[in-house]
Structure formats: C-alpha cells, structure tokens
$ cat upload.cif   # mmCIF, C-alpha atoms
data_my_file
#
loop_
_atom_site.group_PDB
_atom_site.id
_atom_site.type_symbol
_atom_site.label_atom_id
_atom_site.label_comp_id
_atom_site.auth_asym_id
_atom_site.auth_seq_id
_atom_site.Cartn_x
_atom_site.Cartn_y
_atom_site.Cartn_z
ATOM 1 C CA MET A 212 27.839 7.697 -7.279
ATOM 2 C CA ALA A 213 24.306 8.403 -6.060
ATOM 3 C CA LEU A 214 20.988 6.585 -5.781
ATOM 4 C CA LYS A 215 17.692 7.403 -7.468
ATOM 5 C CA THR A 216 15.674 7.309 -4.262
ATOM 6 C CA PHE A 217 15.997 7.615 -0.495
ATOM 7 C CA VAL A 218 17.364 4.387 1.016
ATOM 8 C CA LYS A 219 17.358 3.253 4.647
ATOM 9 C CA ILE A 220 19.361 0.225 5.755
ATOM 10 C CA SER A 221 18.189 -1.454 8.975
ATOM 11 C CA ALA A 222 19.892 -3.629 11.592
ATOM 12 C CA VAL A 223 23.466 -2.959 10.531
ATOM 13 C CA ASN A 224 25.700 -5.002 12.823
ATOM 14 C CA ASN A 225 29.068 -5.175 11.084
ATOM 15 C CA LEU A 226 31.609 -2.980 9.360
ATOM 16 C CA SER A 227 31.306 -4.791 6.015
ATOM 17 C CA ASP A 228 27.636 -3.814 5.630
ATOM 18 C CA ALA A 229 28.274 -0.340 6.931
ATOM 19 C CA ARG A 230 31.170 0.489 4.612
ATOM 20 C CA TYR A 231 29.472 -1.006 1.568
ATOM 21 C CA CYS A 232 26.237 0.896 2.156
ATOM 22 C CA ALA A 233 28.058 4.130 2.919
ATOM 23 C CA GLY A 234 29.981 3.711 -0.316
ATOM 24 C CA MET A 235 26.693 3.284 -2.174
ATOM 25 C CA GLN A 236 25.527 6.547 -0.578
ATOM 26 C CA VAL A 237 22.505 5.254 1.298
ATOM 27 C CA ASN A 238 20.782 8.017 3.246
ATOM 28 C CA LEU A 239 20.019 6.449 6.600
ATOM 29 C CA MET A 240 21.757 3.624 8.439
ATOM 30 C CA GLY A 241 19.980 1.869 11.289
ATOM 31 C CA PHE A 242 21.462 0.216 14.373
ATOM 32 C CA ASN A 243 19.361 -1.890 16.748
ATOM 33 C CA LEU A 244 19.581 -0.718 20.358
ATOM 34 C CA GLU A 245 17.049 -3.182 21.791
ATOM 35 C CA GLU A 246 19.136 -4.916 24.451
ATOM 36 C CA ASN A 247 17.826 -8.459 23.876
ATOM 37 C CA ASN A 248 17.923 -8.310 20.079
ATOM 38 C CA LYS A 249 20.533 -10.417 18.273
ATOM 39 C CA ASN A 250 21.601 -7.311 16.348
ATOM 40 C CA TYR A 251 22.004 -5.154 19.458
ATOM 41 C CA THR A 252 24.762 -2.596 18.982
ATOM 42 C CA SER A 253 26.588 -1.357 22.064
ATOM 43 C CA PRO A 254 27.895 2.228 22.300
ATOM 44 C CA GLU A 255 31.425 0.885 21.820
ATOM 45 C CA LYS A 256 30.545 -1.107 18.702
ATOM 46 C CA PHE A 257 28.529 1.795 17.269
ATOM 47 C CA LYS A 258 31.524 4.108 17.620
ATOM 48 C CA GLU A 259 33.881 1.462 16.235
ATOM 49 C CA ILE A 260 31.758 1.114 13.082
ATOM 50 C CA THR A 261 30.780 4.738 12.506
ATOM 51 C CA ASP A 262 34.313 6.055 12.985
ATOM 52 C CA TRP A 263 34.969 4.547 9.533
ATOM 53 C CA LEU A 264 31.983 6.247 7.900
ATOM 54 C CA SER A 265 30.942 9.668 6.653
ATOM 55 C CA GLY A 266 28.228 11.320 4.611
ATOM 56 C CA LEU A 267 25.111 9.645 6.038
ATOM 57 C CA GLU A 268 22.796 9.839 9.043
ATOM 58 C CA TYR A 269 22.106 7.198 11.701
ATOM 59 C CA ILE A 270 18.875 5.928 13.210
ATOM 60 C CA ALA A 271 18.491 4.122 16.535
ATOM 61 C CA GLU A 272 16.085 1.206 16.113
ATOM 62 C CA PHE A 273 13.859 0.019 18.973
ATOM 63 C CA GLU A 274 11.007 -2.478 19.245
ATOM 64 C CA HIS A 275 9.294 -2.325 22.634
ATOM 65 C CA THR A 276 11.532 -0.120 24.779
ATOM 66 C CA HIS A 277 9.674 2.642 26.638
ATOM 67 C CA PRO A 278 10.402 6.166 25.340
ATOM 68 C CA GLU A 279 11.918 7.297 28.639
ATOM 69 C CA ARG A 280 14.430 4.452 28.463
ATOM 70 C CA ILE A 281 15.056 5.169 24.774
ATOM 71 C CA LEU A 282 16.068 8.745 25.544
ATOM 72 C CA THR A 283 18.239 7.538 28.429
ATOM 73 C CA PHE A 284 19.979 4.930 26.234
ATOM 74 C CA LEU A 285 20.760 7.525 23.580
ATOM 75 C CA LYS A 286 22.796 9.591 26.030
ATOM 76 C CA ASP A 287 25.474 6.882 25.736
ATOM 77 C CA TYR A 288 25.708 7.270 21.947
ATOM 78 C CA GLU A 289 26.932 10.134 19.804
ATOM 79 C CA GLY A 290 25.652 10.578 16.262
ATOM 80 C CA PHE A 291 22.001 9.502 16.187
ATOM 81 C CA HIS A 292 19.551 11.972 14.637
ATOM 82 C CA HIS A 293 16.579 9.629 14.214
ATOM 83 C CA ILE A 294 14.653 7.021 16.215
ATOM 84 C CA GLN A 295 12.652 4.070 14.872
ATOM 85 C CA ILE A 296 9.917 2.538 17.006
ATOM 86 C CA GLU A 297 7.208 -0.093 16.517
ATOM 87 C CA GLU A 298 4.732 0.858 19.248
ATOM 88 C CA GLU A 299 2.431 3.621 18.007
ATOM 89 C CA ILE A 300 1.445 4.484 21.576
ATOM 90 C CA HIS A 301 5.012 5.686 22.130
ATOM 91 C CA LEU A 302 4.804 8.353 19.428
ATOM 92 C CA LYS A 303 3.328 11.062 21.629
ATOM 93 C CA MET A 304 6.349 10.945 23.962
ATOM 94 C CA LEU A 305 8.892 11.203 21.145
ATOM 95 C CA VAL A 306 7.481 13.459 18.427
ATOM 96 C CA ASN A 307 8.492 16.650 20.205
ATOM 97 C CA THR A 308 12.084 15.577 20.842
ATOM 98 C CA GLU A 309 15.071 16.572 18.738
ATOM 99 C CA TYR A 310 14.936 13.277 16.833
ATOM 100 C CA GLY A 311 13.272 12.428 13.547
ATOM 101 C CA ILE A 312 10.793 9.583 14.031
ATOM 102 C CA ILE A 313 10.125 6.498 11.924
ATOM 103 C CA LEU A 314 7.205 4.274 12.880
ATOM 104 C CA LYS A 315 7.682 0.700 11.661
ATOM 105 C CA GLN A 316 4.402 -1.030 10.860
ATOM 106 C CA THR A 317 3.683 -4.539 9.557
ATOM 107 C CA VAL A 318 0.652 -4.665 7.266
ATOM 108 C CA ASN A 319 -0.703 -8.044 6.243
ATOM 109 C CA ASN A 320 -3.910 -6.997 4.521
ATOM 110 C CA ILE A 321 -5.285 -3.967 2.703
ATOM 111 C CA SER A 322 -7.531 -2.958 5.587
ATOM 112 C CA GLU A 323 -4.452 -2.370 7.746
ATOM 113 C CA ILE A 324 -3.113 0.037 5.127
ATOM 114 C CA GLU A 325 -6.511 1.736 5.087
ATOM 115 C CA ASP A 326 -6.273 2.203 8.862
ATOM 116 C CA LEU A 327 -2.933 3.951 8.391
ATOM 117 C CA ILE A 328 -4.402 6.155 5.653
ATOM 118 C CA LYS A 329 -6.952 7.458 8.162
ATOM 119 C CA LYS A 330 -4.071 8.621 10.377
ATOM 120 C CA ALA A 331 -1.810 9.924 7.605
ATOM 121 C CA ASP A 332 -2.576 13.591 8.274
ATOM 122 C CA SER A 333 -1.571 13.177 11.911
ATOM 123 C CA TYR A 334 1.659 11.420 10.953
ATOM 124 C CA ASP A 335 2.441 14.209 8.511
ATOM 125 C CA GLN A 336 1.621 16.928 11.020
ATOM 126 C CA HIS A 337 4.040 15.408 13.531
ATOM 127 C CA HIS A 338 6.716 14.653 10.896
ATOM 128 C CA VAL A 339 6.467 10.890 11.404
ATOM 129 C CA THR A 340 7.664 8.657 8.569
ATOM 130 C CA LEU A 341 6.015 5.254 8.159
ATOM 131 C CA LEU A 342 8.076 2.170 7.356
ATOM 132 C CA LEU A 343 5.865 -0.535 5.855
ATOM 133 C CA LEU A 344 6.711 -4.225 6.103
ATOM 134 C CA SER A 345 4.571 -7.224 5.220
ATOM 135 C CA GLU A 346 4.785 -10.987 5.540
ATOM 136 C CA LYS A 347 1.725 -11.666 3.362
ATOM 137 C CA LEU A 348 1.032 -8.843 0.909
ATOM 138 C CA THR A 349 2.354 -8.697 -2.635
ATOM 139 C CA LEU A 350 2.625 -5.492 -4.603
ATOM 140 C CA ASP A 351 -0.353 -6.014 -6.875
ATOM 141 C CA ASP A 352 -2.321 -3.111 -8.334
ATOM 142 C CA ALA A 353 -4.697 -2.842 -5.376
ATOM 143 C CA VAL A 354 -1.899 -2.717 -2.803
ATOM 144 C CA ILE A 355 0.112 -0.246 -4.879
ATOM 145 C CA GLU A 356 -2.908 2.059 -5.107
ATOM 146 C CA LYS A 357 -3.416 1.992 -1.329
ATOM 147 C CA ILE A 358 0.274 2.669 -0.687
ATOM 148 C CA LYS A 359 0.088 5.591 -3.118
ATOM 149 C CA THR A 360 -2.864 7.045 -1.223
ATOM 150 C CA LEU A 361 -0.952 6.667 2.039
ATOM 151 C CA ALA A 362 2.206 8.189 0.571
ATOM 152 C CA ASN A 363 0.218 11.178 -0.642
ATOM 153 C CA GLY A 364 -0.726 11.853 2.975
ATOM 154 C CA CYS A 365 2.580 11.248 4.767
ATOM 155 C CA GLN A 366 6.125 10.083 4.144
ATOM 156 C CA VAL A 367 6.393 6.344 3.499
ATOM 157 C CA LEU A 368 9.346 3.973 3.235
ATOM 158 C CA LEU A 369 8.594 0.633 1.605
ATOM 159 C CA GLY A 370 10.277 -2.438 3.059
ATOM 160 C CA PHE A 371 8.695 -5.359 1.203
ATOM 161 C CA GLY A 372 8.200 -6.583 -2.351
ATOM 162 C CA LEU A 373 11.486 -5.058 -3.501
ATOM 163 C CA GLU A 374 12.995 -6.568 -6.643
ATOM 164 C CA PRO A 375 15.793 -5.084 -8.799
ATOM 165 C CA ASP A 376 13.845 -5.279 -12.051
ATOM 166 C CA SER A 377 10.696 -3.584 -10.724
ATOM 167 C CA ILE A 378 11.897 -1.246 -7.980
ATOM 168 C CA GLU A 379 11.965 1.928 -10.084
ATOM 169 C CA LYS A 380 8.443 1.347 -11.356
ATOM 170 C CA ILE A 381 7.174 0.688 -7.829
ATOM 171 C CA ILE A 382 8.719 3.935 -6.566
ATOM 172 C CA GLU A 383 7.209 5.878 -9.470
ATOM 173 C CA ASN A 384 3.749 4.322 -9.098
ATOM 174 C CA THR A 385 3.478 4.758 -5.329
ATOM 175 C CA ASN A 386 5.076 8.191 -4.719
ATOM 176 C CA ILE A 387 6.878 6.762 -1.687
ATOM 177 C CA LYS A 388 9.729 8.674 -0.078
ATOM 178 C CA GLY A 389 12.044 5.690 -0.564
ATOM 179 C CA ILE A 390 12.809 2.119 0.411
ATOM 180 C CA ALA A 391 14.126 0.235 3.431
ATOM 181 C CA MET A 392 16.251 -2.913 3.476
ATOM 182 C CA GLU A 393 17.956 -4.915 6.192
ATOM 183 C CA GLY A 394 21.609 -5.755 6.691
ATOM 184 C CA GLY A 395 22.693 -9.149 7.925
ATOM 185 C CA ASP A 396 25.314 -11.189 9.677
ATOM 186 C CA GLU A 397 28.767 -11.621 8.264
ATOM 187 C CA ILE A 398 29.753 -15.114 7.135
ATOM 188 C CA LYS A 399 32.922 -14.420 9.071
ATOM 189 C CA PRO A 400 34.522 -11.093 9.992
ATOM 190 C CA GLY A 401 35.070 -9.088 6.826
ATOM 191 C CA LEU A 402 33.300 -11.565 4.534
ATOM 192 C CA LYS A 403 29.698 -10.813 3.573
ATOM 193 C CA ASP A 404 27.202 -12.037 0.983
ATOM 194 C CA PHE A 405 25.806 -8.785 -0.450
ATOM 195 C CA ASP A 406 23.913 -10.327 -3.359
ATOM 196 C CA GLN A 407 20.297 -9.420 -2.605
ATOM 197 C CA LEU A 408 20.983 -6.042 -1.046
ATOM 198 C CA ALA A 409 23.596 -5.150 -3.654
ATOM 199 C CA ASP A 410 21.383 -6.078 -6.610
ATOM 200 C CA ILE A 411 18.733 -3.583 -5.528
ATOM 201 C CA LEU A 412 21.182 -0.814 -4.656
ATOM 202 C CA GLU A 413 23.003 -1.239 -7.942
ATOM 203 C CA SER A 414 19.711 -1.110 -9.850
ATOM 204 C CA LEU A 415 19.130 2.318 -8.257
ATOM 205 C CA GLU A 416 22.498 3.818 -9.108
ATOM 206 C CA ILE A 417 22.439 7.004 -11.143
ATOM 207 C CA GLU A 418 24.715 6.513 -14.117
ATOM 208 C CA ASP A 419 27.379 9.164 -14.597
#
$ encode --input "upload.cif" --output "structure tokens"
Amino acid sequence: MALKTFVKISAVNNLSDARYCAGMQVNLMGFNLEENNKNYTSPEKFKEITDWLSGLEYIAEFEHTHPERILTFLKDYEGFHHIQIEEEIHLKMLVNTEYGIILKQTVNNISEIEDLIKKADSYDQHHVTLLLLSEKLTLDDAVIEKIKTLANGCQVLLGFGLEPDSIEKIIENTNIKGIAMEGGDEIKPGLKDFDQLADILESLEIED
C-alpha cells in the first residue's frame, strides 16, 4: 500500500491515529511540543507511541517557542528529523541546524499568498517547506493559480480545501509537494472516528 502524494499528519496525540496513519504509509507524522497546547506530547508519550511505529519520519511542531528553547526541548526526544514553526522570524536561527524546516502559514486572502511568492526563492534556497492553511479561502481558479506559482518556487504542503473527490486534481493543478491533515482526539482510548481523514487517505491509495 502506498499513497499518490506526500502526506503530513499534524498534532498526533494518540496511538490509534499513529498506527492507522503509519499503516497508510503517510510520510511525516507531527507531534505538538508546545507545552501549553492541548495536544502537547511529552517525551514519555512520544516514545510510547513511536515504539509501535516504523517506516516514517517525525516532525516536532511548535507555535511560538523561541528557537533556543526548541533545540533544548528536542534533546529530551529521540527520533525527530524535522521542526515545524509558525513564526517566520525564527527561521534564521533554525535553517542551519540538522533539522528539516516547515513554516506553517495561514493565508486568508490572495495578497498573502502573493507575499509568500515574493519570498519563495529564499525559502527554496534554505530548504524551507511552506505549509498553507486558510480559514477563509476556497480553492477557486485564482487561488489555485497563485498556489501553483508559489509551488513552482518552493516546496508547498496544502492544508485546506481538501476533499476526497477533488484532491488528485488539486495536486495535479498546483504542483504542490503534498498535503497536510490533522489528527484528533480519541473518543475513548483505542476508539477513533477516522472518517474525514480516512476518506482522503483512501482516495490517494495506489491500487495494486
């Protein structure tokens, strides 16, 4: 079993999500290490979950933590190869570390995508991948064209507007590196509603 595009899963906080996504062969699994976040994953819980997994890479997800503290936190974990941040100002302190960097950005109008396009060469030069989220934009022709321009300049993961029946066309029309989705809380330990996440992953399966 394999998927037709690169897939990142964010905010994994339970073994049910983790084992399901690993079984679907997602590429990158994210764990939130922001101490006050509801999805915060301690070193002990991270080890407990990842001891069951194989065949994928892990990304440590932060929101506002200073880079110096990020690098200190990561000394307590074993297995992270990537870092996700939201503060662009923190890039310069992390791009020359051993970690791959994803910069999470929320874009709520086309002009914000255009601003990112202007910086795409710099992102590409420093091997920074952009993760795009939006609370307002829909994937109409104008937005798709801007995302395509951005993706032609640097690596882009798309985290909004994802629907099972259109996902392949969106990937083809935008030239994005892949997609990003978010895990969620278990209903109770071991019991999880996978419907939305599973529908998209299953639509991306490569048939044998």
$ residues_around --input "upload.cif" --residues "A:Leu302" --least-positions-apart "5" --cutoff "9 Å" --atoms "all atoms listed in the file" --output "PyMOL selection string"
chain A and resi 278+296+312+314+339
$ closest_residue --input "upload.cif" --among "A:Lys256, A:Lys347, A:His277, A:His293" --to "A:Asn320" --atoms "all atoms listed in the file"
A:Lys347
$ resolve_selection --input "upload.cif" --expression "the PyMOL selection byres ((chain A and resi 382) around 10)" --output "ChimeraX atom specification"
/A:215-216,355,359,368-369,373,377-381,383-390
$ resolve_selection --input "upload.cif" --expression "the PyMOL selection byres ((chain A and resi 328) around 12)" --output "list in words"
Ile321, Ser322, Glu323, Ile324, Glu325, Asp326, Leu327, Lys329, Lys330, Ala331, Asp332, Ser333, Tyr334, Asp335, Leu341, Glu356, Lys357, Ile358, Lys359, Thr360, Leu361, Ala362, Asn363, Gly364, Cys365, Gln366 and Val367 of chain A
$ residues_around --input "upload.cif" --residues "A:Met240" --least-positions-apart "2" --cutoff "9 Å" --atoms "only C-alpha atoms" --output "MDAnalysis selection string"
chainID A and resid 218:223 229 232:233 237:238 242 267:271
$ residues_around --input "upload.cif" --residues "A:Glu413" --least-positions-apart "2" --cutoff "10 Å" --atoms "all atoms listed in the file" --output "compact mmCIF listing (two decimals) with C-alpha atoms, keeping the file's coordinate frame"
# COMPACT_ATOMS: atom_id res chain seq x y z
CA ALA A 213 24.31 8.40 -6.06
CA LEU A 214 20.99 6.58 -5.78
CA MET A 235 26.69 3.28 -2.17
CA PRO A 375 15.79 -5.08 -8.80
CA LEU A 408 20.98 -6.04 -1.05
CA ALA A 409 23.60 -5.15 -3.65
CA ASP A 410 21.38 -6.08 -6.61
CA ILE A 411 18.73 -3.58 -5.53
CA LEU A 415 19.13 2.32 -8.26
CA GLU A 416 22.50 3.82 -9.11
CA ILE A 417 22.44 7.00 -11.14
$ closest_residue --input "upload.cif" --among "A:Ile294, A:Met392, A:Ile260, A:Leu348" --to "A:Gly311" --atoms "only C-alpha atoms"
A:Ile294
$ axis_aligned_box --input "upload.cif" --around "stretch 250-262 of chain A" --padding-each-side "6 Å" --output "AutoDock Vina command-line options"
--center_x 28.0 --center_y -0.6 --center_z 17.4 --size_x 24.7 --size_y 25.4 --size_z 21.8
$ closest_residue --input "upload.cif" --among "A:Leu285, A:Ile300, A:Val306, A:Leu239" --to "A:His338" --atoms "all atoms listed in the file"
A:Val306
$ resolve_selection --input "upload.cif" --expression "the PyMOL selection byres ((chain A and resi 289) around 10)" --output "MDAnalysis selection string"
chainID A and resid 254 257:258 261 269 285:288 290:292
$ atom_distance --input "upload.cif" --atom1 "atom CA of A:Gln295" --atom2 "atom CA of A:Glu272"
4.6 Å
$ atom_distance --input "upload.cif" --atom1 "atom CA of A:Leu344" --atom2 "atom CA of A:Ala391"
9.1 Å
$ atom_distance --input "upload.cif" --atom1 "atom CA of A:Gly394" --atom2 "atom CA of A:Asp228"
6.4 Å
$ residues_around --input "upload.cif" --residues "A:Glu298" --least-positions-apart "4" --cutoff "9 Å" --atoms "all atoms listed in the file" --output "list of chain:residue names"
A:Glu274, A:His275, A:Thr276, A:Leu302, A:Leu314, A:Lys315, A:Gln316
$ closest_residue --input "upload.cif" --among "A:Ser414, A:Asn225, A:Thr349, A:Asn248" --to "A:Phe371" --atoms "all atoms listed in the file"
A:Thr349
$ decode --input "upload.cif" --residues "stretch 230-261 of chain A" --atoms "N, CA and C atoms" --output "JSON list (two decimals), in the first residue's frame"
[["chain", "number", "residue", "atom", "x", "y", "z"],
["A", 230, "ARG", "N", -1.01, 4.62, 14.54],
["A", 230, "ARG", "CA", -0.92, 3.31, 13.88],
["A", 230, "ARG", "C", -1.69, 3.29, 12.57],
["A", 231, "TYR", "N", -2.84, 3.95, 12.54],
["A", 231, "TYR", "CA", -3.61, 4.00, 11.30],
["A", 231, "TYR", "C", -2.82, 4.72, 10.21],
["A", 232, "CYS", "N", -2.29, 5.88, 10.54],
["A", 232, "CYS", "CA", -1.56, 6.67, 9.54],
["A", 232, "CYS", "C", -0.27, 5.99, 9.10],
["A", 233, "ALA", "N", 0.41, 5.34, 10.03],
["A", 233, "ALA", "CA", 1.60, 4.58, 9.65],
["A", 233, "ALA", "C", 1.24, 3.44, 8.71],
["A", 234, "GLY", "N", 0.12, 2.79, 8.99],
["A", 234, "GLY", "CA", -0.34, 1.71, 8.12],
["A", 234, "GLY", "C", -0.71, 2.19, 6.73],
["A", 235, "MET", "N", -1.16, 3.43, 6.63],
["A", 235, "MET", "CA", -1.49, 4.03, 5.33],
["A", 235, "MET", "C", -0.26, 4.60, 4.64],
["A", 236, "GLN", "N", 0.89, 4.49, 5.29],
["A", 236, "GLN", "CA", 2.18, 4.92, 4.75],
["A", 236, "GLN", "C", 2.25, 6.43, 4.51],
["A", 237, "VAL", "N", 1.75, 7.21, 5.48],
["A", 237, "VAL", "CA", 2.00, 8.65, 5.41],
["A", 237, "VAL", "C", 3.50, 8.87, 5.54],
["A", 238, "ASN", "N", 3.96, 10.03, 5.09],
["A", 238, "ASN", "CA", 5.40, 10.29, 5.06],
["A", 238, "ASN", "C", 5.92, 10.94, 6.32],
["A", 239, "LEU", "N", 5.12, 11.83, 6.91],
["A", 239, "LEU", "CA", 5.60, 12.64, 8.02],
["A", 239, "LEU", "C", 4.51, 12.75, 9.07],
["A", 240, "MET", "N", 4.87, 12.44, 10.31],
["A", 240, "MET", "CA", 3.91, 12.46, 11.41],
["A", 240, "MET", "C", 4.33, 13.50, 12.43],
["A", 241, "GLY", "N", 3.41, 14.45, 12.72],
["A", 241, "GLY", "CA", 3.74, 15.55, 13.59],
["A", 241, "GLY", "C", 3.22, 15.39, 15.00],
["A", 242, "PHE", "N", 4.04, 15.82, 15.96],
["A", 242, "PHE", "CA", 3.68, 15.81, 17.38],
["A", 242, "PHE", "C", 3.90, 17.21, 17.93],
["A", 243, "ASN", "N", 2.89, 17.75, 18.63],
["A", 243, "ASN", "CA", 2.98, 19.10, 19.17],
["A", 243, "ASN", "C", 3.80, 19.10, 20.45],
["A", 244, "LEU", "N", 4.84, 19.92, 20.48],
["A", 244, "LEU", "CA", 5.70, 20.02, 21.67],
["A", 244, "LEU", "C", 5.56, 21.36, 22.36],
["A", 245, "GLU", "N", 4.53, 22.14, 21.99],
["A", 245, "GLU", "CA", 4.26, 23.41, 22.66],
["A", 245, "GLU", "C", 3.61, 23.10, 24.01],
["A", 246, "GLU", "N", 4.27, 23.49, 25.10],
["A", 246, "GLU", "CA", 3.91, 22.98, 26.42],
["A", 246, "GLU", "C", 2.47, 23.28, 26.83],
["A", 247, "ASN", "N", 1.90, 24.39, 26.40],
["A", 247, "ASN", "CA", 0.55, 24.76, 26.81],
["A", 247, "ASN", "C", -0.52, 24.31, 25.83],
["A", 248, "ASN", "N", -0.13, 23.62, 24.77],
["A", 248, "ASN", "CA", -1.10, 23.16, 23.77],
["A", 248, "ASN", "C", -1.82, 21.92, 24.26],
["A", 249, "LYS", "N", -3.10, 21.79, 23.92],
["A", 249, "LYS", "CA", -3.88, 20.63, 24.37],
["A", 249, "LYS", "C", -3.34, 19.32, 23.79],
["A", 250, "ASN", "N", -2.62, 19.41, 22.68],
["A", 250, "ASN", "CA", -2.06, 18.21, 22.06],
["A", 250, "ASN", "C", -0.60, 17.98, 22.43],
["A", 251, "TYR", "N", -0.12, 18.69, 23.44],
["A", 251, "TYR", "CA", 1.29, 18.55, 23.84],
["A", 251, "TYR", "C", 1.64, 17.08, 24.09],
["A", 252, "THR", "N", 2.77, 16.68, 23.53],
["A", 252, "THR", "CA", 3.25, 15.31, 23.67],
["A", 252, "THR", "C", 4.55, 15.30, 24.46],
["A", 253, "SER", "N", 4.54, 14.67, 25.60],
["A", 253, "SER", "CA", 5.73, 14.58, 26.44],
["A", 253, "SER", "C", 6.72, 13.60, 25.83],
["A", 254, "PRO", "N", 8.00, 13.65, 26.25],
["A", 254, "PRO", "CA", 8.97, 12.67, 25.77],
["A", 254, "PRO", "C", 8.51, 11.23, 26.03],
["A", 255, "GLU", "N", 7.89, 11.01, 27.18],
["A", 255, "GLU", "CA", 7.46, 9.65, 27.52],
["A", 255, "GLU", "C", 6.33, 9.19, 26.59],
["A", 256, "LYS", "N", 5.37, 10.07, 26.33],
["A", 256, "LYS", "CA", 4.26, 9.69, 25.45],
["A", 256, "LYS", "C", 4.74, 9.53, 24.02],
["A", 257, "PHE", "N", 5.66, 10.38, 23.57],
["A", 257, "PHE", "CA", 6.22, 10.26, 22.23],
["A", 257, "PHE", "C", 6.88, 8.89, 22.04],
["A", 258, "LYS", "N", 7.67, 8.48, 23.01],
["A", 258, "LYS", "CA", 8.34, 7.18, 22.92],
["A", 258, "LYS", "C", 7.32, 6.05, 22.96],
["A", 259, "GLU", "N", 6.33, 6.19, 23.82],
["A", 259, "GLU", "CA", 5.29, 5.16, 23.95],
["A", 259, "GLU", "C", 4.58, 4.93, 22.62],
["A", 260, "ILE", "N", 4.28, 6.03, 21.91],
["A", 260, "ILE", "CA", 3.57, 5.92, 20.63],
["A", 260, "ILE", "C", 4.50, 5.41, 19.53],
["A", 261, "THR", "N", 5.67, 6.03, 19.40],
["A", 261, "THR", "CA", 6.53, 5.72, 18.26],
["A", 261, "THR", "C", 7.21, 4.36, 18.38]]
